[in-house]
file entry_13.txt (compact mmCIF, C-alpha atoms and all ligand atoms)
# COMPACT_ATOMS: atom_id res chain seq x y z
CA MET E 7 -13.25 -17.68 -36.50
CA ALA E 8 -11.14 -15.27 -34.52
CA GLY E 9 -8.26 -17.74 -34.66
CA PHE E 10 -8.56 -17.95 -38.42
CA LEU E 11 -8.51 -14.16 -38.84
CA GLN E 12 -5.53 -13.93 -36.59
CA ARG E 13 -3.65 -16.57 -38.56
CA ALA E 14 -4.57 -14.97 -41.88
CA ALA E 15 -3.40 -11.59 -40.63
CA ARG E 16 -0.15 -13.09 -39.46
CA ALA E 17 0.42 -14.83 -42.81
CA ALA E 18 -0.32 -11.66 -44.72
CA PHE E 19 2.04 -9.70 -42.53
CA LEU E 20 4.77 -12.28 -43.03
CA ALA E 21 4.30 -12.26 -46.79
CA VAL E 22 4.45 -8.47 -46.97
CA ALA E 23 7.50 -8.45 -44.73
CA LEU E 24 9.30 -10.98 -46.88
CA ILE E 25 8.49 -9.18 -50.11
CA TRP E 26 9.60 -5.94 -48.55
CA ALA E 27 12.81 -7.54 -47.42
CA GLY E 28 13.34 -8.70 -51.00
CA LEU E 29 13.47 -12.35 -50.01
CA ILE E 30 10.74 -13.50 -52.36
CA PRO E 31 9.65 -11.73 -55.52
CA ALA E 32 6.06 -10.54 -55.55
CA GLN E 33 5.22 -12.85 -58.49
CA ALA E 34 6.62 -15.95 -56.80
CA ASP E 35 4.21 -18.55 -58.18
CA ALA E 36 5.74 -21.42 -60.11
CA PRO E 37 4.07 -21.98 -63.46
CA LYS E 38 0.79 -23.78 -62.83
CA PRO E 39 0.58 -27.37 -64.06
CA VAL E 40 -1.07 -27.95 -67.41
CA ILE E 41 -3.94 -30.31 -66.80
CA GLN E 42 -4.88 -31.87 -70.09
CA LYS E 43 -8.40 -33.11 -70.50
CA ALA E 44 -8.72 -36.88 -70.64
CA THR E 45 -9.02 -37.95 -74.25
CA LYS E 46 -11.52 -40.72 -73.65
CA GLY E 47 -14.52 -40.64 -71.33
CA GLU E 48 -16.47 -37.83 -69.77
CA GLN E 49 -16.08 -38.51 -66.10
CA CYS E 50 -13.36 -40.02 -63.93
CA VAL E 51 -14.25 -43.11 -61.87
CA GLU E 52 -14.22 -40.86 -58.79
CA ASP E 53 -14.85 -37.15 -58.20
CA THR E 54 -12.04 -35.00 -59.52
CA ALA E 55 -11.46 -33.37 -56.13
CA TYR E 56 -11.29 -36.76 -54.42
CA MET E 57 -8.88 -38.10 -57.04
CA ARG E 58 -6.58 -35.05 -56.79
CA LYS E 59 -6.09 -35.77 -53.13
CA ASN E 60 -6.36 -39.55 -52.96
CA HIS E 61 -5.33 -41.08 -56.28
CA MET E 62 -2.21 -42.60 -54.73
CA LYS E 63 -4.18 -44.40 -52.02
CA VAL E 64 -6.67 -45.67 -54.55
CA LEU E 65 -3.87 -46.90 -56.83
CA ASN E 66 -1.91 -48.55 -54.03
CA HIS E 67 -4.96 -50.44 -52.83
CA HIS E 68 -5.78 -51.71 -56.29
CA ARG E 69 -2.15 -52.56 -56.95
CA ASP E 70 -1.97 -54.93 -53.99
CA GLU E 71 -5.19 -56.67 -54.95
CA THR E 72 -3.99 -57.12 -58.51
CA VAL E 73 -0.44 -58.27 -57.81
CA LEU E 74 -1.12 -60.50 -54.83
CA GLU E 75 -4.56 -61.88 -55.60
CA GLY E 76 -4.97 -61.48 -59.33
CA ILE E 77 -8.02 -59.20 -59.14
CA ARG E 78 -8.04 -57.29 -62.39
CA THR E 79 -11.03 -54.95 -62.20
CA LYS E 80 -10.73 -51.90 -64.43
CA LYS E 81 -11.88 -49.29 -61.90
CA HIS E 82 -8.84 -47.84 -60.07
CA SER E 83 -6.40 -49.69 -62.33
CA LEU E 84 -3.33 -47.65 -63.31
CA LYS E 85 -3.61 -49.08 -66.81
CA GLU E 86 -7.05 -47.52 -67.19
CA CYS E 87 -5.81 -44.15 -65.88
CA ILE E 88 -3.17 -44.25 -68.60
CA ASN E 89 -5.68 -45.32 -71.26
CA CYS E 90 -7.76 -42.23 -70.54
CA HIS E 91 -5.14 -39.64 -69.69
CA ALA E 92 -2.38 -40.30 -72.24
CA SER E 93 -1.70 -37.10 -74.13
CA GLU E 94 -2.88 -36.92 -77.72
CA THR E 95 0.44 -35.50 -78.86
CA THR E 96 2.93 -37.77 -77.06
CA GLY E 97 0.63 -40.77 -76.54
CA SER E 98 1.95 -40.98 -72.99
CA VAL E 99 1.15 -39.78 -69.47
CA ALA E 100 4.77 -39.07 -68.60
CA LYS E 101 6.90 -38.49 -71.66
CA SER E 102 6.97 -34.71 -71.92
CA LYS E 103 6.72 -32.13 -69.17
CA ASP E 104 3.10 -31.27 -69.95
CA ASP E 105 1.85 -34.85 -69.88
CA PHE E 106 -0.84 -35.59 -67.33
CA CYS E 107 1.10 -37.26 -64.51
CA VAL E 108 4.36 -35.39 -64.90
CA SER E 109 2.84 -31.94 -65.11
CA CYS E 110 1.32 -31.98 -61.62
CA HIS E 111 4.06 -34.04 -60.06
CA SER E 112 6.80 -31.65 -61.08
CA TYR E 113 4.69 -28.73 -59.80
CA ALA E 114 4.29 -30.52 -56.47
CA ALA E 115 7.91 -31.75 -56.56
CA VAL E 116 6.87 -35.34 -55.89
CA LYS E 117 8.85 -37.97 -57.76
CA ILE E 118 6.80 -40.70 -59.46
CA ASP E 119 8.31 -44.18 -59.42
CA CYS E 120 5.44 -45.87 -61.26
CA PHE E 121 7.02 -45.45 -64.69
CA ASP E 122 10.33 -47.07 -63.80
CA CYS E 123 8.37 -50.27 -64.33
CA HIS E 124 4.98 -49.40 -65.85
CA SER E 125 4.53 -48.40 -69.45
CA THR E 126 3.42 -44.76 -69.79
CA LYS E 127 1.44 -45.51 -72.92
CA PRO E 128 -2.00 -47.04 -73.31
CA GLN E 129 -2.49 -50.60 -74.27
CA GLY E 130 -3.35 -51.25 -77.86
CA SER E 131 -1.24 -48.47 -79.26
CA MET E 132 0.22 -51.25 -81.41
CA ALA E 133 -3.09 -51.35 -83.27
CA MET E 134 -2.30 -47.91 -84.67
CA HIS E 135 0.72 -49.28 -86.51
CA PRO E 136 0.29 -51.19 -89.72
CA LEU E 137 0.26 -54.86 -88.87
CA ASP E 138 3.38 -56.52 -90.19
CA ALA E 139 5.46 -59.53 -89.33
CA ALA E 140 7.48 -57.64 -86.73
CA THR E 141 4.68 -55.86 -84.90
CA ALA E 142 1.93 -58.44 -85.19
CA HIS E 143 0.56 -59.79 -81.98
CA TYR E 144 1.34 -63.45 -81.62
CA LYS E 145 -2.36 -64.26 -81.73
CA HIS E 146 -2.61 -62.81 -85.21
CA LYS E 147 0.18 -65.03 -86.40
CA LEU E 148 -1.54 -67.98 -84.82
CA ALA E 149 -4.85 -67.03 -86.33
CA ALA E 150 -3.14 -67.22 -89.67
CA GLY E 151 -2.27 -70.81 -88.83
CA ALA E 152 1.37 -70.02 -89.35
CA LYS E 153 3.90 -72.81 -89.32
CA GLN E 154 6.89 -70.66 -90.25
CA PRO E 155 7.75 -67.00 -89.70
CA VAL E 156 5.05 -64.92 -91.33
CA SER E 157 6.04 -62.58 -94.15
CA VAL E 158 4.89 -58.98 -94.35
CA GLU E 159 2.71 -59.76 -97.38
CA GLU E 160 1.04 -62.65 -95.59
CA MET E 161 0.46 -60.52 -92.49
CA ALA E 162 -1.19 -57.81 -94.57
CA LYS E 163 -3.91 -60.29 -95.50
CA VAL E 164 -4.83 -61.03 -91.91
CA ALA E 165 -7.89 -59.13 -90.76
CA GLN E 166 -7.25 -57.13 -87.61
CA MET I 7 -12.45 -66.06 -90.55
CA SER I 8 -11.69 -68.11 -93.65
CA GLU I 9 -9.03 -65.76 -94.97
CA MET I 10 -7.42 -65.87 -91.54
CA ASN I 11 -6.70 -69.56 -91.90
CA PRO I 12 -4.94 -69.93 -95.22
CA ASN I 13 -3.38 -73.23 -94.18
CA GLN I 14 -6.57 -74.78 -92.93
CA GLU I 15 -7.12 -77.30 -95.72
CA THR I 16 -3.52 -78.40 -96.05
CA ALA I 17 -2.70 -78.77 -92.36
CA PRO I 18 -2.98 -82.25 -90.88
CA ALA I 19 -5.53 -82.71 -88.14
CA SER I 20 -4.12 -82.45 -84.65
CA PRO I 21 -3.03 -85.91 -83.42
CA GLU I 22 -5.28 -85.80 -80.44
CA ARG I 23 -8.17 -83.45 -80.58
CA ARG I 24 -7.99 -81.36 -77.48
CA ARG I 25 -10.88 -81.68 -75.11
CA PHE I 26 -13.00 -78.65 -75.59
CA VAL I 27 -14.45 -77.14 -72.47
CA GLY I 28 -17.53 -75.24 -73.60
CA GLY I 29 -18.16 -71.69 -72.58
CA ALA I 30 -19.81 -68.57 -73.82
CA ALA I 31 -16.46 -66.83 -74.20
CA ALA I 32 -15.12 -69.53 -76.45
CA ALA I 33 -18.21 -69.63 -78.58
CA ALA I 34 -18.23 -65.87 -79.07
CA ALA I 35 -14.57 -65.51 -79.86
CA GLY I 36 -14.21 -68.70 -81.91
CA LEU I 37 -10.85 -69.39 -80.40
CA ALA I 38 -9.33 -71.66 -83.01
CA ILE I 39 -5.67 -70.91 -82.46
CA ALA I 40 -4.36 -73.30 -85.06
CA PRO I 41 -6.00 -75.74 -87.41
CA GLY I 42 -7.73 -78.44 -85.43
CA VAL I 43 -6.63 -77.07 -82.09
CA MET I 44 -9.05 -75.16 -79.93
CA LEU I 45 -8.03 -73.08 -76.98
CA ILE I 46 -8.66 -75.33 -74.06
CA GLU I 47 -9.59 -74.60 -70.48
CA VAL I 48 -11.52 -71.47 -71.32
CA ALA I 49 -13.77 -72.48 -68.46
CA TYR I 50 -11.01 -71.38 -66.07
CA GLY I 51 -11.39 -67.75 -67.06
CA ARG I 52 -12.59 -66.30 -63.78
CA PRO I 53 -14.44 -63.00 -63.45
CA GLU I 54 -11.99 -60.12 -63.20
CA ASP I 55 -13.17 -59.17 -59.70
CA GLN I 56 -12.49 -62.66 -58.36
CA ALA I 57 -9.19 -63.52 -56.70
CA ALA I 58 -7.05 -66.42 -57.92
CA SER I 59 -8.13 -69.56 -56.11
CA SER I 60 -6.20 -72.43 -54.60
CA ALA I 61 -8.74 -74.80 -56.17
CA VAL I 62 -6.61 -74.39 -59.29
CA ARG I 63 -2.95 -75.29 -59.60
CA TRP I 64 -1.42 -74.19 -62.86
CA GLY I 65 1.21 -76.48 -64.27
CA MET I 66 3.00 -77.43 -67.42
CA LEU I 67 3.99 -80.67 -69.04
CA VAL I 68 7.11 -80.63 -71.21
CA ASP I 69 7.35 -83.61 -73.55
CA THR I 70 11.08 -83.61 -74.34
CA THR I 71 10.58 -86.36 -76.92
CA LYS I 72 8.72 -83.79 -79.04
CA CYS I 73 10.88 -80.77 -78.22
CA ALA I 74 13.00 -80.02 -81.31
CA SER I 75 16.70 -79.43 -80.93
CA GLY I 76 17.64 -75.96 -82.19
CA CYS I 77 14.05 -74.70 -82.05
CA ASN I 78 13.70 -71.48 -80.07
CA GLU I 79 10.01 -70.69 -80.64
CA CYS I 80 9.02 -70.80 -76.96
CA VAL I 81 11.84 -68.48 -75.96
CA SER I 82 11.11 -65.85 -78.59
CA ALA I 83 7.37 -66.02 -77.90
CA CYS I 84 8.07 -65.37 -74.21
CA SER I 85 10.29 -62.43 -75.01
CA THR I 86 7.65 -60.96 -77.35
CA GLU I 87 4.78 -61.46 -74.91
CA ASN I 88 6.61 -60.21 -71.83
CA GLY I 89 8.82 -57.58 -73.41
CA TRP I 90 12.30 -58.75 -72.40
CA THR I 91 15.09 -58.30 -74.92
CA PRO I 92 16.33 -61.55 -76.44
CA VAL I 93 19.72 -62.34 -74.91
CA ALA I 94 21.51 -62.33 -78.28
CA GLU I 95 20.31 -58.77 -78.92
CA SER I 96 21.27 -57.50 -75.48
CA LYS I 97 24.21 -55.17 -74.98
CA HIS I 98 25.28 -57.17 -71.95
CA PRO I 99 24.30 -60.76 -72.70
CA LYS I 100 25.88 -62.14 -69.54
CA GLN I 101 23.54 -60.19 -67.31
CA ALA I 102 20.53 -59.98 -69.63
CA PRO I 103 17.23 -61.08 -68.09
CA GLN I 104 16.12 -64.46 -69.31
CA TRP I 105 12.73 -65.86 -68.36
CA ILE I 106 13.04 -69.10 -70.28
CA ARG I 107 15.99 -70.76 -72.02
CA LYS I 108 16.60 -73.82 -74.15
CA LEU I 109 18.96 -76.51 -72.89
CA GLU I 110 20.57 -79.12 -75.09
CA LEU I 111 21.70 -82.09 -73.01
CA GLN I 112 23.70 -85.17 -73.86
CA ASP I 113 24.07 -88.37 -71.91
CA PRO I 114 27.85 -88.86 -71.67
CA LEU I 115 27.51 -92.65 -71.76
CA THR I 116 24.97 -93.20 -74.49
CA GLN I 117 25.28 -89.88 -76.35
CA MET I 118 21.52 -89.58 -76.30
CA GLN I 119 20.58 -85.93 -76.86
CA THR I 120 17.71 -84.18 -75.18
CA SER I 121 16.39 -80.69 -75.83
CA LEU I 122 14.15 -78.91 -73.35
CA PRO I 123 13.05 -75.47 -72.17
CA MET I 124 14.03 -74.51 -68.61
CA MET I 125 12.32 -71.79 -66.63
CA CYS I 126 10.82 -71.13 -63.19
CA GLN I 127 9.36 -74.46 -62.08
CA HIS I 128 6.65 -72.80 -59.98
CA CYS I 129 7.55 -74.86 -56.93
CA ALA I 130 4.80 -75.60 -54.43
CA GLU I 131 7.48 -75.15 -51.74
CA PRO I 132 9.53 -72.38 -53.36
CA PRO I 133 12.97 -71.68 -51.82
CA CYS I 134 12.89 -68.21 -53.43
CA VAL I 135 9.88 -67.38 -51.25
CA ASP I 136 11.50 -68.83 -48.12
CA VAL I 137 14.56 -66.61 -48.35
CA CYS I 138 13.04 -63.30 -49.49
CA PRO I 139 13.60 -60.76 -46.69
CA THR I 140 10.74 -58.49 -47.74
CA GLY I 141 8.06 -60.95 -48.77
CA ALA I 142 8.27 -59.71 -52.35
CA SER I 143 8.81 -63.20 -53.71
CA PHE I 144 5.49 -64.94 -53.21
CA LYS I 145 3.30 -67.78 -54.39
CA ARG I 146 -0.15 -66.87 -55.59
CA ALA I 147 -3.13 -68.99 -54.51
CA ASP I 148 -3.20 -70.76 -57.89
CA GLY I 149 0.43 -71.87 -57.59
CA ILE I 150 2.05 -69.17 -59.75
CA VAL I 151 5.28 -67.90 -58.15
CA LEU I 152 5.79 -64.17 -58.71
CA VAL I 153 7.88 -61.21 -57.59
CA ASN I 154 6.01 -58.20 -56.24
CA ARG I 155 8.16 -55.48 -57.75
CA HIS I 156 6.66 -52.91 -55.39
CA THR I 157 8.44 -54.55 -52.46
CA CYS I 158 11.45 -56.22 -54.11
CA ILE I 159 14.67 -54.52 -53.00
CA GLY I 160 16.85 -56.28 -55.56
CA CYS I 161 18.94 -58.13 -52.97
CA ARG I 162 19.06 -61.23 -55.22
CA TYR I 163 18.74 -63.71 -52.36
CA CYS I 164 16.09 -65.53 -54.38
CA MET I 165 18.42 -65.87 -57.35
CA MET I 166 20.89 -67.64 -55.10
CA ALA I 167 18.23 -69.85 -53.53
CA CYS I 168 16.58 -71.00 -56.75
CA PRO I 169 17.95 -74.43 -57.72
CA TYR I 170 16.96 -73.87 -61.36
CA LYS I 171 18.72 -70.55 -62.05
CA ALA I 172 15.32 -69.31 -63.08
CA ARG I 173 15.60 -65.71 -61.94
CA SER I 174 17.27 -62.60 -63.36
CA LEU I 175 17.87 -59.11 -62.09
CA VAL I 176 17.09 -56.20 -64.38
CA HIS I 177 20.35 -54.21 -64.44
CA GLU I 178 19.48 -51.49 -66.92
CA PRO I 179 16.74 -48.86 -67.08
CA LEU I 180 14.11 -50.05 -69.54
CA ASN I 181 13.11 -46.56 -70.71
CA ASP I 182 9.44 -47.14 -71.24
CA THR I 183 9.86 -50.19 -73.47
CA GLN I 184 7.69 -52.31 -71.17
CA LYS I 185 4.42 -53.88 -72.28
CA PRO I 186 1.38 -52.27 -70.61
CA ASP I 187 0.39 -55.69 -69.27
CA VAL I 188 3.85 -56.64 -68.02
CA PRO I 189 5.42 -54.01 -65.78
CA ARG I 190 9.09 -54.72 -65.13
CA GLY I 191 12.02 -52.54 -64.22
CA ILE I 192 15.53 -51.84 -63.09
CA GLY I 193 16.59 -53.13 -59.70
CA CYS I 194 13.98 -55.86 -59.47
CA VAL I 195 14.27 -59.59 -59.87
CA GLU I 196 11.98 -61.36 -62.30
CA SER I 197 11.25 -64.77 -63.74
CA CYS I 198 8.64 -66.72 -65.68
CA THR I 199 5.14 -65.72 -64.54
CA PHE I 200 3.25 -68.47 -66.39
CA CYS I 201 2.02 -65.49 -68.44
CA VAL I 202 -0.11 -64.42 -65.48
CA GLN I 203 -1.63 -61.61 -67.55
CA LYS I 204 -2.91 -64.17 -70.04
CA VAL I 205 -4.06 -66.57 -67.33
CA ASP I 206 -6.05 -63.78 -65.64
CA ARG I 207 -7.53 -62.83 -68.99
CA GLY I 208 -8.84 -66.38 -69.27
CA ASP I 209 -6.62 -67.46 -72.17
CA GLY I 210 -5.89 -70.68 -70.26
CA THR I 211 -2.50 -70.97 -71.92
CA THR I 212 0.90 -69.28 -72.11
CA ALA I 213 2.83 -67.65 -74.95
CA CYS I 214 5.41 -70.46 -75.07
CA VAL I 215 2.74 -73.14 -75.30
CA GLU I 216 0.92 -71.25 -78.06
CA ALA I 217 4.17 -70.89 -79.99
CA CYS I 218 5.20 -74.52 -79.59
CA THR I 219 1.77 -75.65 -80.76
CA ALA I 220 1.80 -73.22 -83.69
CA ALA I 221 5.21 -74.51 -84.73
CA GLY I 222 3.67 -77.98 -84.84
CA HIS I 223 5.81 -79.51 -82.11
CA ASN I 224 3.15 -79.84 -79.40
CA ALA I 225 5.84 -80.41 -76.79
CA LEU I 226 4.26 -78.10 -74.21
CA LEU I 227 0.93 -78.39 -72.46
CA PHE I 228 -0.42 -75.96 -69.87
CA GLY I 229 -3.35 -76.49 -67.57
CA ASP I 230 -4.87 -77.04 -64.17
CA MET I 231 -3.17 -79.94 -62.41
CA ASN I 232 -5.87 -79.91 -59.71
CA ASP I 233 -8.67 -80.71 -62.15
CA PRO I 234 -8.63 -84.45 -62.82
CA GLY I 235 -10.51 -83.87 -66.08
CA SER I 236 -8.06 -81.37 -67.57
CA GLU I 237 -5.91 -82.35 -70.54
CA ILE I 238 -2.72 -81.94 -68.52
CA SER I 239 -3.97 -84.14 -65.68
CA LYS I 240 -4.95 -86.83 -68.20
CA ARG I 241 -1.55 -86.74 -69.87
CA LEU I 242 0.23 -86.77 -66.52
CA ARG I 243 -1.71 -89.91 -65.59
CA GLU I 244 -0.64 -91.64 -68.81
CA LEU I 245 2.94 -90.48 -69.35
CA PRO I 246 5.88 -91.18 -67.06
CA THR I 247 7.17 -87.77 -65.99
CA LYS I 248 9.93 -86.46 -63.77
CA GLN I 249 10.59 -83.35 -61.76
CA VAL I 250 14.04 -81.84 -62.18
CA ARG I 251 15.97 -82.34 -58.94
CA ALA I 252 13.07 -84.29 -57.48
CA ASP I 253 15.34 -85.00 -54.51
CA LEU I 254 14.75 -81.45 -53.31
CA ASN I 255 11.11 -82.29 -52.74
CA LEU I 256 9.79 -78.94 -53.95
CA ASN I 257 6.71 -80.33 -55.75
CA LEU I 258 7.24 -78.59 -59.06
CA GLY I 259 4.60 -77.12 -61.35
CA ILE I 260 6.57 -78.22 -64.40
CA ARG I 261 6.88 -81.90 -65.21
CA TYR I 262 9.20 -83.33 -67.88
CA HIS I 263 8.59 -86.45 -69.92
CA GLY I 264 11.54 -88.18 -71.55
CA ILE I 265 14.36 -87.15 -69.26
S1 LIG O 1 11.98 -72.50 -59.77
FE1 LIG O 1 13.19 -70.99 -58.62
S2 LIG O 1 12.15 -69.05 -58.93
FE2 LIG O 1 10.70 -70.66 -59.54
S3 LIG O 1 9.48 -71.08 -57.68
FE3 LIG O 1 11.17 -72.54 -57.67
S4 LIG O 1 12.77 -71.53 -56.46
FE4 LIG O 1 11.31 -69.93 -57.04
S1 LIG O 2 15.66 -59.82 -54.93
FE1 LIG O 2 13.59 -59.12 -54.41
S2 LIG O 2 12.29 -60.97 -54.58
FE2 LIG O 2 14.44 -61.69 -54.52
S3 LIG O 2 14.83 -62.11 -52.36
FE3 LIG O 2 15.49 -59.98 -52.69
S4 LIG O 2 13.68 -58.72 -52.21
FE4 LIG O 2 12.96 -60.85 -52.43
call {"tool": "encode", "arguments": {"input": "entry_13.txt", "output": "structure tokens"}}
result
Amino acid sequence: MAGFLQRAARAAFLAVALIWAGLIPAQADAPKPVIQKATKGEQCVEDTAYMRKNHMKVLNHHRDETVLEGIRTKKHSLKECINCHASETTGSVAKSKDDFCVSCHSYAAVKIDCFDCHSTKPQGSMAMHPLDAATAHYKHKLAAGAKQPVSVEEMAKVAQ
Amino acid sequence: MSEMNPNQETAPASPERRRFVGGAAAAAAGLAIAPGVMLIEVAYGRPEDQAASSAVRWGMLVDTTKCASGCNECVSACSTENGWTPVAESKHPKQAPQWIRKLELQDPLTQMQTSLPMMCQHCAEPPCVDVCPTGASFKRADGIVLVNRHTCIGCRYCMMACPYKARSLVHEPLNDTQKPDVPRGIGCVESCTFCVQKVDRGDGTTACVEACTAAGHNALLFGDMNDPGSEISKRLRELPTKQVRADLNLNLGIRYHGI
């Protein structure tokens, strides 16, 4: 306890000294990250506090199981994080500076490499677009028993 | 379902009705992918928490006598499913990633022409895995050869080692155009994955096979070569097939008939 008080006193003294010396402005805080509420779901798969600190470990562990062994459970899957946390405005977790992943990472100045390879948008966003010959999932074309390229009019008839 | 199959009455029945492996999933989803053809091997869909098993060895049979010259359905289906830009549309076609390509061959003596798709052969003894300095190039338990992009350093040793020119390096940033199911990116090597995302989902087939079947050619067949009862094992027992560069003794996952 005494050690803690001593350290706190020293830190406070240092801060005051630095402000006084004009080295850091009194209002030095960087703008706090915007943490958008997940659009889907009430509760994260782990406690929020645990996830804040350990999400990278959780993701790395799941990543190895998925890539190397083909285990595709939803819990701890990056895809599911994105499904829940994609912003309602940009539809992405990393497109604009206030999107879920980017917002905290730029505050903490930690570069994310995930999105060099991974899509930042949830799966199934295609379903939001009208289904036409260009955007149709191959399965839909197959379901239509197509032998040739499917026209837009034909695609419109296919139930989604 | 009826309005989803406008061609049902007119289409001829499939020449051989595919063996249908029963399963709750198939019954629920009614997986008729084309008139008279049911999605086969649904029984291989394993629970998502279960690792791929070496009891299965995924393989493909290419019947070049049915493969149509000039047809590109398998290639475009692969590009759509896996999100790579078709080579013709690429800004730099010479270095554009290509997971599968069509080859048109001609015997110089007889002039006989053969058309076939060429892609990663999913070698049982893959040279690309032998040479990889980081262990990023690896063979999964069920025989699918993949690149772990988290550890690939883009050295391209595997591209040199592969006898089939099956691998490509991604040279350009992809700017979030990837499919959610198929992460891929600049600086990593990639090749055919046997549509591992579909296999793990239990589809029991690949995009190229679906497309070839839908186009009515039926030149491609995908399945478990370890299961003596599977359609592919049956066909492999009946048809004479070859491995490309069989002299290399790599025990390929893709077998060609008619070459
Ligand atoms: S065909 Fe090439 S890339 Fe595929 S497993 Fe064999 S050596 Fe590796
Ligand atoms: S390019 Fe990647 S996968 Fe290929 S040998 Fe080098 S590290 Fe291994």
call {"tool": "residues_around", "arguments": {"input": "entry_13.txt", "residues": "range 33-48 of chain E", "least_positions_apart": "3", "cutoff": "6 Å", "atoms": "only C-alpha atoms", "output": "ChimeraX atom specification"}}
result
/E:90-91,104,109-110
call {"tool": "closest_atom_pairs", "arguments": {"input": "entry_13.txt", "of": "chain I", "to": "ligand LIG 2 (chain O)", "cutoff": "6 Å", "atoms": "only C-alpha atoms and all ligand atoms", "output": "tab-separated table"}}
result
residue	atom	partner	partner_atom	distance
I:Cys138	CA	O:LIG2	S3	3.6
I:Pro139	CA	O:LIG2	FE4	5.8
I:Thr140	CA	O:LIG2	S4	5.4
I:Ala142	CA	O:LIG2	S2	4.8
I:Ser143	CA	O:LIG2	S2	4.2
I:Val153	CA	O:LIG2	S2	5.3
I:Cys158	CA	O:LIG2	FE1	3.6
I:Ile159	CA	O:LIG2	S4	4.4
I:Gly160	CA	O:LIG2	S1	3.8
I:Cys161	CA	O:LIG2	FE3	3.9
I:Arg162	CA	O:LIG2	S1	3.7
I:Tyr163	CA	O:LIG2	S3	4.2
I:Cys164	CA	O:LIG2	S3	4.2
I:Val195	CA	O:LIG2	S1	5.1
call {"tool": "residues_near_ligand", "arguments": {"input": "entry_13.txt", "ligand": "ligand LIG 1 (chain O)", "cutoff": "6 Å", "atoms": "only C-alpha atoms and all ligand atoms", "output": "compact mmCIF listing (two decimals) with C-alpha atoms, in the frame of the given file"}}
result
# COMPACT_ATOMS: atom_id res chain seq x y z
CA CYS I 126 10.82 -71.13 -63.19
CA GLN I 127 9.36 -74.46 -62.08
CA HIS I 128 6.65 -72.80 -59.98
CA CYS I 129 7.55 -74.86 -56.93
CA PRO I 132 9.53 -72.38 -53.36
CA PRO I 133 12.97 -71.68 -51.82
CA CYS I 134 12.89 -68.21 -53.43
CA VAL I 151 5.28 -67.90 -58.15
CA CYS I 168 16.58 -71.00 -56.75
CA PRO I 169 17.95 -74.43 -57.72
CA TYR I 170 16.96 -73.87 -61.36
CA ALA I 172 15.32 -69.31 -63.08
CA ARG I 173 15.60 -65.71 -61.94
call {"tool": "closest_residue", "arguments": {"input": "entry_13.txt", "among": "E:Thr54, E:Ser112, E:Thr72, E:Thr79", "to": "chain I", "atoms": "only C-alpha atoms"}}
result
E:Thr79
call {"tool": "residues_near_point", "arguments": {"input": "entry_13.txt", "point": "(-1.8, -40.5, -75.0)", "cutoff": "10 Å", "atoms": "only C-alpha atoms", "output": "ChimeraX atom specification"}}
result
/E:44-46,88-101,105-106,126-128,131
call {"tool": "atom_distance", "arguments": {"input": "entry_13.txt", "atom1": "CA of Val68 in chain I", "atom2": "CA of Val137 in chain I"}}
result
27.8 Å
call {"tool": "atom_distance", "arguments": {"input": "entry_13.txt", "atom1": "CA of Gly210 in chain I", "atom2": "CA of Asp230 in chain I"}}
result
8.9 Å
call {"tool": "atom_distance", "arguments": {"input": "entry_13.txt", "atom1": "CA of Gly65 in chain I", "atom2": "CA of Leu122 in chain I"}}
result
16.0 Å
call {"tool": "closest_residue", "arguments": {"input": "entry_13.txt", "among": "E:His124, E:Arg69, E:Arg58, E:Lys80", "to": "chain I", "atoms": "only C-alpha atoms"}}
result
E:His124
call {"tool": "residues_around", "arguments": {"input": "entry_13.txt", "residues": "range 91-96 of chain I", "least_positions_apart": "3", "cutoff": "12 Å", "atoms": "only C-alpha atoms", "output": "mmCIF file with C-alpha atoms, keeping the file's coordinate frame"}}
result
data_model
loop_
_atom_site.group_PDB
_atom_site.id
_atom_site.type_symbol
_atom_site.label_atom_id
_atom_site.label_comp_id
_atom_site.auth_asym_id
_atom_site.auth_seq_id
_atom_site.Cartn_x
_atom_site.Cartn_y
_atom_site.Cartn_z
ATOM 1 C CA ASN I 78 13.700 -71.480 -80.070
ATOM 2 C CA GLU I 79 10.010 -70.690 -80.640
ATOM 3 C CA CYS I 80 9.020 -70.800 -76.960
ATOM 4 C CA VAL I 81 11.840 -68.480 -75.960
ATOM 5 C CA SER I 82 11.110 -65.850 -78.590
ATOM 6 C CA ALA I 83 7.370 -66.020 -77.900
ATOM 7 C CA CYS I 84 8.070 -65.370 -74.210
ATOM 8 C CA SER I 85 10.290 -62.430 -75.010
ATOM 9 C CA THR I 86 7.650 -60.960 -77.350
ATOM 10 C CA GLU I 87 4.780 -61.460 -74.910
ATOM 11 C CA ASN I 88 6.610 -60.210 -71.830
ATOM 12 C CA PRO I 99 24.300 -60.760 -72.700
ATOM 13 C CA LYS I 100 25.880 -62.140 -69.540
ATOM 14 C CA GLN I 101 23.540 -60.190 -67.310
ATOM 15 C CA ALA I 102 20.530 -59.980 -69.630
ATOM 16 C CA PRO I 103 17.230 -61.080 -68.090
ATOM 17 C CA GLN I 104 16.120 -64.460 -69.310
ATOM 18 C CA TRP I 105 12.730 -65.860 -68.360
ATOM 19 C CA ILE I 106 13.040 -69.100 -70.280
ATOM 20 C CA ARG I 107 15.990 -70.760 -72.020
ATOM 21 C CA LYS I 108 16.600 -73.820 -74.150
ATOM 22 C CA SER I 174 17.270 -62.600 -63.360
ATOM 23 C CA VAL I 176 17.090 -56.200 -64.380
ATOM 24 C CA HIS I 177 20.350 -54.210 -64.440
ATOM 25 C CA GLU I 178 19.480 -51.490 -66.920
ATOM 26 C CA LEU I 180 14.110 -50.050 -69.540
ATOM 27 C CA THR I 183 9.860 -50.190 -73.470
ATOM 28 C CA GLN I 184 7.690 -52.310 -71.170
ATOM 29 C CA LYS I 185 4.420 -53.880 -72.280
#
